[in-house]
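Asks: model_18.txt is the file, holding compact mmCIF, C-alpha atoms:
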# COMPACT_ATOMS: atom_id res chain seq x y z
CA LEU A 1 93.42 237.37 9.16
CA ASP A 2 95.01 240.79 8.97
CA LYS A 3 91.57 242.40 9.29
CA MET A 4 90.34 239.90 11.89
CA GLN A 5 87.41 239.37 9.53
CA PRO A 6 85.30 236.32 10.68
CA GLU A 7 83.40 235.99 7.39
CA PHE A 8 83.99 236.87 3.76
CA ASP A 9 82.57 236.12 0.29
CA LEU A 10 84.75 233.71 -1.69
CA SER A 11 83.08 234.61 -4.99
CA GLY A 12 83.17 238.32 -4.34
CA GLU A 13 86.84 238.22 -3.38
CA GLY A 14 87.75 236.30 -6.62
CA CYS A 15 88.91 233.16 -4.82
CA TYR A 16 87.43 230.84 -7.45
CA GLU A 17 89.21 230.15 -10.73
CA ASP A 18 86.81 230.22 -13.67
CA PRO A 19 86.64 226.90 -15.55
CA LYS A 20 88.18 226.81 -18.99
CA VAL A 21 85.40 224.53 -20.22
CA LYS A 22 81.82 224.58 -19.11
CA GLU A 23 79.20 221.87 -19.35
CA GLU A 24 77.42 223.54 -22.24
CA ASP A 25 80.61 224.04 -24.27
CA ASP A 26 80.89 222.06 -27.51
CA VAL A 27 84.28 220.54 -26.67
CA PHE A 28 82.85 219.04 -23.48
CA GLN A 29 79.68 217.79 -25.15
CA ASP A 30 81.68 216.25 -28.02
CA ALA A 31 83.84 214.31 -25.57
CA LEU A 32 80.77 213.20 -23.63
CA ASP A 33 79.03 212.07 -26.81
CA THR A 34 82.11 210.12 -27.89
CA LEU A 35 82.39 208.37 -24.52
CA ASN A 36 78.72 207.46 -24.58
CA LYS A 37 78.92 206.23 -28.17
CA TYR A 38 81.89 204.01 -27.40
CA THR A 39 80.43 202.50 -24.25
CA GLN A 40 76.88 202.01 -25.46
CA MET A 41 77.76 199.82 -28.46
CA LYS A 42 78.87 196.20 -28.51
CA ILE A 43 80.68 193.81 -30.80
CA THR A 44 79.46 190.22 -30.88
CA TYR A 45 81.94 187.70 -32.25
CA GLN A 46 80.25 184.70 -33.83
CA ALA A 47 81.76 181.57 -35.32
CA GLU A 48 80.10 178.28 -36.15
CA GLY A 49 80.54 175.76 -33.36
CA LYS A 50 81.74 178.33 -30.82
CA ASP A 51 80.00 180.34 -28.11
CA ASP A 52 79.50 184.02 -28.86
CA VAL A 53 82.06 186.40 -27.40
CA VAL A 54 80.69 189.87 -26.58
CA LEU A 55 82.76 193.03 -26.26
CA ASP A 56 80.63 195.73 -24.60
CA GLY A 57 80.83 198.94 -22.63
CA GLU A 58 81.86 197.24 -19.41
CA THR A 59 85.17 196.35 -21.01
CA ILE A 60 85.45 199.24 -23.45
CA SER A 61 85.04 201.82 -20.67
CA THR A 62 88.25 200.59 -19.03
CA TRP A 63 90.22 201.48 -22.15
CA LEU A 64 89.07 205.11 -22.41
CA SER A 65 90.72 208.29 -21.17
CA VAL A 66 90.23 212.04 -21.71
CA ASP A 67 93.12 214.50 -21.74
CA ASP A 68 93.14 218.13 -20.63
CA ASP A 69 91.89 219.24 -24.05
CA PHE A 70 89.00 216.76 -23.87
CA ASN A 71 90.38 214.45 -26.53
CA VAL A 72 89.15 210.88 -26.05
CA SER A 73 91.72 208.13 -26.56
CA VAL A 74 91.75 204.35 -26.42
CA ASP A 75 94.49 202.62 -24.41
CA ASP A 76 96.51 200.75 -27.04
CA GLU A 77 98.03 198.30 -24.54
CA ALA A 78 94.63 197.38 -23.10
CA LEU A 79 93.16 196.95 -26.58
CA SER A 80 96.10 194.79 -27.66
CA ALA A 81 95.77 192.62 -24.55
CA TYR A 82 92.07 192.10 -25.22
CA VAL A 83 92.62 191.08 -28.86
CA LYS A 84 95.43 188.71 -27.88
CA ALA A 85 93.23 187.01 -25.27
CA MET A 86 90.19 186.92 -27.56
CA ALA A 87 92.23 185.39 -30.41
CA LYS A 88 93.09 182.35 -28.30
CA ASN A 89 89.44 181.35 -28.55
CA TYR A 90 89.72 181.13 -32.35
CA ASN A 91 93.33 180.35 -33.24
CA THR A 92 93.99 176.75 -34.24
CA ALA A 93 97.09 177.08 -36.44
CA TYR A 94 100.28 175.46 -35.13
CA GLY A 95 98.21 173.32 -32.78
CA ASN A 96 97.57 169.59 -32.60
CA ARG A 97 94.62 167.76 -34.14
CA THR A 98 93.40 164.23 -34.70
CA LEU A 99 92.56 162.39 -37.93
CA ASP A 100 90.55 159.24 -38.51
CA THR A 101 92.88 157.84 -41.14
CA SER A 102 91.99 155.84 -44.21
CA TYR A 103 93.62 152.90 -42.44
CA GLY A 104 90.96 152.75 -39.74
CA GLN A 105 93.20 154.14 -37.02
CA THR A 106 93.12 157.56 -35.38
CA VAL A 107 96.34 159.53 -35.18
CA THR A 108 97.32 162.78 -33.53
CA ILE A 109 99.15 165.19 -35.78
CA TYR A 110 101.42 167.68 -34.07
CA GLY A 111 102.11 171.16 -35.38
CA GLY A 112 101.97 172.61 -38.84
CA ASN A 113 100.76 176.00 -40.05
CA TYR A 114 97.22 174.98 -41.02
CA GLY A 115 94.28 176.50 -39.16
CA TRP A 116 92.57 179.70 -38.14
CA TRP A 117 94.77 182.62 -37.11
CA VAL A 118 93.50 186.02 -36.01
CA ASP A 119 95.32 189.01 -37.49
CA ASN A 120 95.81 190.93 -34.25
CA ALA A 121 96.83 194.22 -35.86
CA ALA A 122 93.96 194.18 -38.35
CA GLU A 123 91.48 193.20 -35.63
CA LYS A 124 92.59 196.14 -33.49
CA GLU A 125 91.97 198.50 -36.39
CA MET A 126 88.56 196.97 -37.00
CA ILE A 127 87.56 197.42 -33.35
CA LEU A 128 88.56 201.09 -33.53
CA GLU A 129 86.48 201.50 -36.70
CA ASP A 130 83.52 199.82 -35.02
CA LEU A 131 83.85 202.13 -32.02
CA LYS A 132 83.88 205.21 -34.22
CA ALA A 133 80.77 203.97 -36.03
CA GLY A 134 79.06 203.53 -32.66
CA LYS A 135 76.72 200.79 -33.83
CA ASP A 136 76.27 197.22 -32.62
CA VAL A 137 78.17 194.77 -34.81
CA THR A 138 78.01 191.00 -35.21
CA ARG A 139 80.96 189.50 -37.07
CA GLU A 140 83.89 187.13 -36.99
CA PRO A 141 87.38 188.30 -36.01
CA VAL A 142 89.68 189.45 -38.79
CA TYR A 143 91.81 186.47 -39.82
CA SER A 144 95.18 186.42 -41.52
CA GLN A 145 94.59 182.73 -42.23
CA THR A 146 91.41 180.67 -42.38
CA ALA A 147 90.55 176.98 -42.27
CA ASN A 148 87.82 174.78 -43.71
CA SER A 149 85.68 174.59 -40.57
CA HIS A 150 85.31 175.87 -37.01
CA GLY A 151 84.33 172.37 -35.92
CA GLU A 152 86.35 169.91 -33.89
CA ASN A 153 88.45 169.13 -36.96
CA ASP A 154 89.10 172.44 -38.63
CA TYR A 155 90.26 170.80 -41.85
CA GLY A 156 86.68 169.73 -42.55
CA ASN A 157 86.07 166.97 -45.08
CA THR A 158 88.23 168.26 -47.95
CA TYR A 159 91.95 167.56 -47.56
CA VAL A 160 94.98 165.60 -48.69
CA GLU A 161 95.97 162.74 -46.37
CA ILE A 162 99.63 161.71 -46.59
CA ASN A 163 100.85 158.57 -44.82
CA LEU A 164 104.61 158.95 -44.81
CA THR A 165 105.11 155.45 -43.41
CA ALA A 166 103.12 153.76 -46.18
CA GLN A 167 104.26 156.27 -48.83
CA HIS A 168 100.63 156.51 -49.88
CA LEU A 169 98.22 159.45 -50.06
CA PHE A 170 94.49 160.04 -50.36
CA LEU A 171 92.58 163.04 -51.69
CA TYR A 172 89.17 163.75 -50.16
CA SER A 173 86.70 166.32 -51.49
CA ASN A 174 83.47 166.96 -49.56
CA GLY A 175 83.93 163.67 -47.78
CA GLN A 176 84.38 161.65 -50.98
CA ARG A 177 87.64 159.86 -51.72
CA ILE A 178 88.66 161.20 -55.13
CA LEU A 179 91.91 159.32 -55.59
CA GLU A 180 94.78 157.57 -53.86
CA SER A 181 98.34 157.03 -54.95
CA ASP A 182 101.80 155.89 -54.01
CA PHE A 183 104.49 158.58 -53.88
CA VAL A 184 108.12 159.19 -53.03
CA SER A 185 108.80 161.63 -50.19
CA GLY A 186 111.94 163.26 -48.80
CA LYS A 187 115.11 161.28 -48.35
CA PRO A 188 116.03 160.58 -44.69
CA TYR A 189 118.86 162.29 -42.84
CA GLY A 190 118.44 165.83 -44.01
CA HIS A 191 115.53 166.05 -46.44
CA GLU A 192 112.69 164.26 -44.64
CA THR A 193 109.12 165.37 -45.36
CA PRO A 194 107.98 166.57 -41.92
CA PRO A 195 104.70 165.43 -40.33
CA GLY A 196 102.14 168.12 -39.51
CA THR A 197 99.02 169.79 -40.87
CA TYR A 198 99.73 172.44 -43.48
CA ALA A 199 97.80 174.72 -45.82
CA VAL A 200 98.37 174.73 -49.57
CA THR A 201 100.13 178.02 -50.23
CA TYR A 202 99.09 178.34 -53.89
CA THR A 203 98.91 176.22 -57.04
CA GLN A 204 100.87 176.80 -60.23
CA LYS A 205 101.28 175.17 -63.60
CA TYR A 206 104.79 174.93 -65.02
CA ALA A 207 107.03 175.89 -62.13
CA ILE A 208 110.80 175.67 -61.93
CA LEU A 209 111.99 174.20 -58.64
CA ARG A 210 115.48 175.28 -57.68
CA GLY A 211 117.96 174.13 -55.08
CA ASP A 212 121.70 174.25 -54.48
CA THR A 213 122.28 171.31 -56.79
CA TYR A 214 119.26 171.19 -59.09
CA GLU A 215 116.86 173.12 -61.31
CA THR A 216 113.80 171.14 -62.30
CA MET A 217 110.62 171.93 -64.24
CA VAL A 218 107.33 170.44 -63.04
CA SER A 219 103.93 170.68 -64.70
CA TYR A 220 101.85 170.84 -61.52
CA TRP A 221 103.19 172.53 -58.40
CA MET A 222 101.21 172.57 -55.13
CA PRO A 223 103.42 173.83 -52.25
CA PHE A 224 102.18 173.46 -48.68
CA ASN A 225 105.15 173.79 -46.32
CA GLU A 226 107.43 176.60 -47.48
CA ASP A 227 109.40 175.03 -50.37
CA ILE A 228 107.92 171.57 -49.83
CA GLY A 229 105.00 170.62 -52.04
CA LEU A 230 103.14 168.08 -54.13
CA HIS A 231 104.25 167.80 -57.77
CA ASP A 232 104.75 165.49 -60.71
CA ALA A 233 108.17 163.89 -60.99
CA THR A 234 108.77 162.37 -64.41
CA TRP A 235 112.34 161.49 -63.40
CA GLN A 236 110.98 158.88 -60.97
CA SER A 237 110.37 155.53 -62.67
CA GLN A 238 108.71 154.01 -59.60
CA LEU A 239 106.77 155.28 -56.59
CA GLY A 240 105.89 153.81 -53.21
CA SER A 241 107.34 151.17 -50.88
CA ASN A 242 110.58 152.37 -49.23
CA LEU A 243 112.04 153.90 -52.37
CA TYR A 244 112.28 157.27 -50.57
CA GLN A 245 115.19 155.86 -48.57
CA SER A 246 117.34 155.63 -51.68
CA ILE A 247 115.82 157.93 -54.30
CA GLY A 248 113.94 160.32 -52.00
CA SER A 249 113.29 163.95 -52.81
CA HIS A 250 114.53 167.11 -51.12
CA GLY A 251 111.35 167.06 -49.03
CA CYS A 252 108.62 167.25 -51.67
CA VAL A 253 106.00 164.60 -52.35
CA ASN A 254 106.83 163.18 -55.79
CA LEU A 255 103.81 161.97 -57.79
CA SER A 256 103.24 160.42 -61.16
CA TYR A 257 102.28 162.86 -63.90
CA ASN A 258 98.70 161.59 -64.22
CA VAL A 259 98.04 161.73 -60.48
CA ALA A 260 99.47 165.26 -60.14
CA LYS A 261 97.37 166.36 -63.11
CA GLU A 262 94.17 165.00 -61.57
CA MET A 263 94.95 166.39 -58.10
CA PHE A 264 95.53 169.82 -59.59
CA ASN A 265 91.83 169.94 -60.51
CA TYR A 266 90.84 169.67 -56.84
CA VAL A 267 93.64 171.15 -54.76
CA GLU A 268 93.16 174.83 -53.92
CA LYS A 269 94.95 177.48 -51.91
CA GLY A 270 94.24 176.97 -48.21
CA MET A 271 93.32 173.27 -48.46
CA ALA A 272 94.68 171.12 -45.64
CA VAL A 273 97.54 168.72 -46.29
CA ILE A 274 97.82 166.29 -43.38
CA CYS A 275 101.14 164.44 -43.10
CA TYR A 276 101.63 161.72 -40.50
CA GLU A 277 103.56 158.59 -39.67
CA LEU A 278 101.72 155.40 -38.76
CA PRO A 279 103.93 152.46 -37.76
CA GLY A 280 102.54 149.16 -38.91
CA THR A 281 101.34 150.46 -42.27
CA GLU A 282 104.63 149.96 -44.10
CA SER A 283 103.91 148.83 -47.65
CA SER A 284 105.77 146.95 -50.36
CA SER A 285 103.49 148.40 -53.03
CA ILE A 286 105.32 149.95 -55.97
CA THR A 287 103.66 151.94 -58.74
CA PRO A 288 105.61 152.19 -62.01
CA GLN A 289 105.53 155.38 -64.09
CA SER A 290 105.64 154.41 -67.73
CA ASP A 291 107.54 156.18 -70.46
CA GLU A 292 104.17 156.95 -72.10
CA GLU A 293 102.98 158.72 -68.95
CA LYS A 294 106.20 160.71 -68.66
CA ALA A 295 105.99 161.67 -72.32
CA GLN A 296 102.42 162.86 -71.81
CA SER A 297 103.72 165.74 -69.70
CA VAL A 298 105.57 167.09 -72.74
CA ILE A 299 102.75 166.29 -75.15
CA ASP A 300 100.34 168.34 -73.03
CA ALA A 301 102.83 171.20 -72.70
CA ILE A 302 103.38 171.34 -76.46
CA ASN A 303 99.63 171.28 -77.14
CA GLU A 304 99.18 174.31 -74.87
CA ILE A 305 101.55 176.49 -76.93
CA ALA A 306 98.81 177.25 -79.44
CA THR A 307 96.36 178.48 -76.78
CA SER A 308 98.82 180.16 -74.42
CA SER A 309 98.86 183.93 -73.98
CA LYS A 310 102.65 183.60 -73.76
CA PRO A 311 103.49 180.98 -76.40
CA ALA A 312 107.24 181.59 -76.28
CA LYS A 313 107.32 180.94 -72.55
CA GLN A 314 105.13 177.86 -72.94
CA ALA A 315 107.46 176.53 -75.63
CA ALA A 316 110.36 177.03 -73.23
CA ASN A 317 108.43 175.09 -70.58
CA ALA A 318 107.86 172.23 -73.01
CA ARG A 319 111.52 172.22 -74.04
CA MET A 320 112.71 172.05 -70.42
CA LEU A 321 110.30 169.20 -69.66
CA TYR A 322 111.51 167.39 -72.76
CA LYS A 323 115.17 167.69 -71.74
CA GLN A 324 114.39 166.00 -68.42
CA LEU A 325 113.02 162.86 -70.08
CA SER A 326 114.98 159.71 -70.72
CA SER A 327 115.71 158.77 -74.31
CA ALA A 328 112.99 156.11 -74.19
CA ALA A 329 110.41 158.62 -72.93
CA LYS A 330 111.46 161.25 -75.48
CA ALA A 331 110.71 158.76 -78.24
CA LYS A 332 107.10 158.65 -77.01
CA VAL A 333 106.50 162.40 -77.51
CA THR A 334 104.24 162.16 -80.53
CA ASN A 335 103.97 165.89 -81.26
CA TYR A 336 107.64 166.79 -80.86
CA SER A 337 107.69 168.07 -84.44
CA ASP A 338 105.20 170.79 -83.41
CA LEU A 339 107.69 172.08 -80.85
CA LEU A 340 110.47 172.08 -83.40
CA ALA A 341 108.27 173.93 -85.88
CA TYR A 342 107.42 176.64 -83.33
CA GLU A 343 111.06 177.04 -82.30
CA ALA A 344 112.06 177.34 -85.96
CA GLY A 345 109.64 180.26 -86.30
Please lay out the structure from this file as structure tokens.

Replies:
Amino acid sequence: LDKMQPEFDLSGEGCYEDPKVKEEDDVFQDALDTLNKYTQMKITYQAEGKDDVVLDGETISTWLSVDDDFNVSVDDEALSAYVKAMAKNYNTAYGNRTLDTSYGQTVTIYGGNYGWWVDNAAEKEMILEDLKAGKDVTREPVYSQTANSHGENDYGNTYVEINLTAQHLFLYSNGQRILESDFVSGKPYGHETPPGTYAVTYTQKYAILRGDTYETMVSYWMPFNEDIGLHDATWQSQLGSNLYQSIGSHGCVNLSYNVAKEMFNYVEKGMAVICYELPGTESSSITPQSDEEKAQSVIDAINEIATSSKPAKQAANARMLYKQLSSAAKAKVTNYSDLLAYEAG
């Protein structure tokens, strides 16, 4: 303007700023390659009985950004939102389900922790690993908890069915009824055994159950709802009917020794335990637990001392079980002298 110059050369006058990064520079090409790798791969989620869910470049591209130094990053919020939405297609835990009961009626069971549950944090990490690998992947989501089946009834055909109204349970394995038994459940007004579908947490032989007012040894412990579980209860002389109203447990399902022992051979971590109430199925059936059966719990425990890797602990287990027996049941422990001999050294 000062020179009244109608034309001038922008390049010659230095009016252009030279780019810090050019197309042929490695840093640019690396970023471009990363973007292409991320957006040209896909993850296909497959699960039996469900439609495939495909995560591809159309979605992935919306998560990507490049900073001034050409570092490629994935939007954590967008990724988290995707995983959360995707998981709803697979999560069944804490939901409702139906059961065709052994009584010929169908019931709806509400709640309980059993079912599939996607581990959102682990799934996010897996997606990032898949992106870095840059190859098509077909897999299931990463679960923190699994179930028996992806079908309509995720508990499949292997489960424990507990009718709290009838105080009677059934054990099914691969669709076959293995056993059934009366039991005593939690005492009303504070210790009720809650309905719901739960997963067996673990199984353990010789567990000490503790509460504010008790400390009890059981031979077979199969928890399924926090501190509520299936176990033998040699202190119960009878099972079934409405006995739970007067001699009910603190929430656990009390079984005879022989039934708990047999169930322990089939019950595994993760198996469904389905608890429900079914009015109209109240029962007057009572199953006695004999002194011989109670004594068998101690007889078995004493016999295991010789084969145990921790004989001293096993002897302590047997002693605690023995102390819990009535005088009549103690008299039926045929190998009690073996316990005394071990304790005497």

Asks: Can you tell me which residues surround stretch 19-23 of chain A at a distance of at most 10 Å, considering only C-alpha atoms, apart from same-chain residues fewer than 3 positions away, and format the answer as an MDAnalysis selection string?

Replies: chainID A and resid 16 26:29 32 69:70

Asks: Keeping only C-alpha atoms, take the residues you just selected and write them out as a PDB file, keeping the file's coordinate frame.

Replies:
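Once everything was written out, this is out.pdb:
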ATOM      1  CA  TYR A  16      87.430 230.840  -7.450  1.00  0.00           C
ATOM      2  CA  ASP A  26      80.890 222.060 -27.510  1.00  0.00           C
ATOM      3  CA  VAL A  27      84.280 220.540 -26.670  1.00  0.00           C
ATOM      4  CA  PHE A  28      82.850 219.040 -23.480  1.00  0.00           C
ATOM      5  CA  GLN A  29      79.680 217.790 -25.150  1.00  0.00           C
ATOM      6  CA  LEU A  32      80.770 213.200 -23.630  1.00  0.00           C
ATOM      7  CA  ASP A  69      91.890 219.240 -24.050  1.00  0.00           C
ATOM      8  CA  PHE A  70      89.000 216.760 -23.870  1.00  0.00           C
TER       9      PHE A  70
END

Asks: Quick one: of A:Tyr114, A:Tyr276, A:Tyr336, A:Tyr172, who's nearest to A:Leu99, counting only C-alpha atoms?

Replies: A:Tyr276

Asks: Check the smallest atom-to-atom distance from each of A:Thr307, A:Thr334, A:Gln314, A:Asn254 to A:Ala295 using only C-alpha atoms, then report the winner.

Replies: A:Thr334

Asks: Set the distance at 8 Å and use all atoms listed in the file: which residues neighbour A:Ala318 once local chain neighbours fewer than 4 positions away are removed? I'd like the list as a PyMOL selection string.

Replies: chain A and resi 298+301-302+314+322+339

Asks: Looking at only C-alpha atoms, which of A:Val74, A:Met217, A:Leu164, A:Met86 is the one that sits closest to A:Glu125?

Replies: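 Among A:Val74, A:Met217, A:Leu164, A:Met86, it is A:Val74 that comes nearest to A:Glu125.
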
Asks: Hey, which bits of stretch 135-173 of chain A sit within 8 Å of stretch 180-184 of chain A, and for each residue what's the closest pair of atoms and how far apart in Å (one decimal), counting all atoms listed in the file, rows by chain and increasing number, as a tab-separated table?

Replies:
residue	atom	partner	partner_atom	distance
A:Gln167	CA	A:Phe183	CA	5.6
A:His168	CA	A:Asp182	CA	4.3
A:Leu169	CA	A:Ser181	CA	5.5
A:Phe170	CA	A:Glu180	CA	4.3
A:Leu171	CA	A:Glu180	CA	6.3

Asks: Set out as a tab-separated table a contact list for stretch 123-167 of chain A and stretch 39-42 of chain A with a cut-off of 9 Å, giving each residue of stretch 123-167 of chain A that qualifies its closest atom pair and distance in Å to one decimal, counting all atoms listed in the file, ordered by chain and rising residue number.

Replies:
residue	atom	partner	partner_atom	distance
A:Asp130	CA	A:Met41	CA	8.7
A:Leu131	CA	A:Met41	CA	7.4
A:Gly134	CA	A:Met41	CA	5.8
A:Lys135	CA	A:Met41	CA	5.6
A:Asp136	CA	A:Lys42	CA	5.0
A:Val137	CA	A:Lys42	CA	6.5
A:Thr138	CA	A:Lys42	CA	8.5

Asks: Work out how far apart atom CA of A:Arg97 and atom CA of A:Val273 are and give it in Å to one decimal.

Replies: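 Calculated distance between atom CA of A:Arg97 and atom CA of A:Val273 is 12.5 Å.
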
Asks: What separation in Å, quoted to one decimal, exists between atom CA of A:Gly248 and atom CA of A:Asn113?

Replies: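 Those two atoms sit 23.7 Å apart.
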
Asks: Need to verify the contact set: A:Gly229, 6 Å, only C-alpha atoms, exclusion of same-chain residues closer than 6 positions in sequence. Can you return it as a ChimeraX atom specification?

Replies: /A:222-223,252

Asks: Calculated over all atoms listed in the file, which of the candidates A:Asn157, A:Ser149, A:Asn120, A:Asn225 has the smallest distance to A:Tyr198?

Replies: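 Using all atoms listed in the file, A:Tyr198 sits closest to A:Asn225.
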
Asks: Could you pull the residues within 8 Å of A:Val66, counting only C-alpha atoms, minus those fewer than 6 positions along the same chain, as an NGL selection string?

Replies: :A and (31 or 72-73)

Asks: Interatomic distance between atom CA of A:Pro141 and atom CA of A:Glu123?

Replies: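 About the pair atom CA of A:Pro141 and atom CA of A:Glu123: they are 6.4 Å apart.
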
Asks: Would you list the contacts of A:Asp232 as a ChimeraX atom specification, taking every protein, DNA or RNA residue within 12 Å and counting all atoms listed in the file, but skipping same-chain residues closer than 2 positions in sequence?

Replies: /A:183-185,204-209,216-223,229-230,234-237,239,249,252-264,289,293-294,296-297,321

Asks: Choose the residue, out of A:Thr281, A:Pro188, A:Val200, A:Thr213, that has the smallest atom-to-atom separation from A:Ile247; count all atoms listed in the file.

Replies: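 Going through A:Thr281, A:Pro188, A:Val200, A:Thr213 one by one, the smallest distance to A:Ile247 is for A:Pro188.
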
Asks: Compare A:Ser11, A:Ala312, A:Thr101, A:Ala87 by their minimum atom-to-atom distance to A:Ile162, counting all atoms listed in the file, and give me the closest one.

Replies: A:Thr101

Asks: What box, with edges along x, y and z, holds each listed atom of stretch 11-14 of chain A when 3 Å is added on every side, and can you state its centre and edge lengths in Å to one decimal, as AutoDock Vina command-line options?

Replies:
--center_x 85.4 --center_y 236.5 --center_z -5.0 --size_x 10.7 --size_y 9.7 --size_z 9.2

Asks: May I have the residues at most 10 Å from (96.1, 150.8, -41.1) in the file's coordinates, counting only C-alpha atoms, as a list in words?

Replies: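 Residues close enough to count: Thr101, Ser102, Tyr103, Gly104, Gln105, Thr106, Asn163, Ala166, Leu278, Pro279, Gly280, Thr281 and Glu282 of chain A.
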
Asks: Do you know which residues lie at most 8 Å from (83.5, 187.6, -36.6), with coordinates as in the file and all atoms listed in the file counted, and could you write them as a PyMOL selection string?

Replies: chain A and resi 44-47+138-142
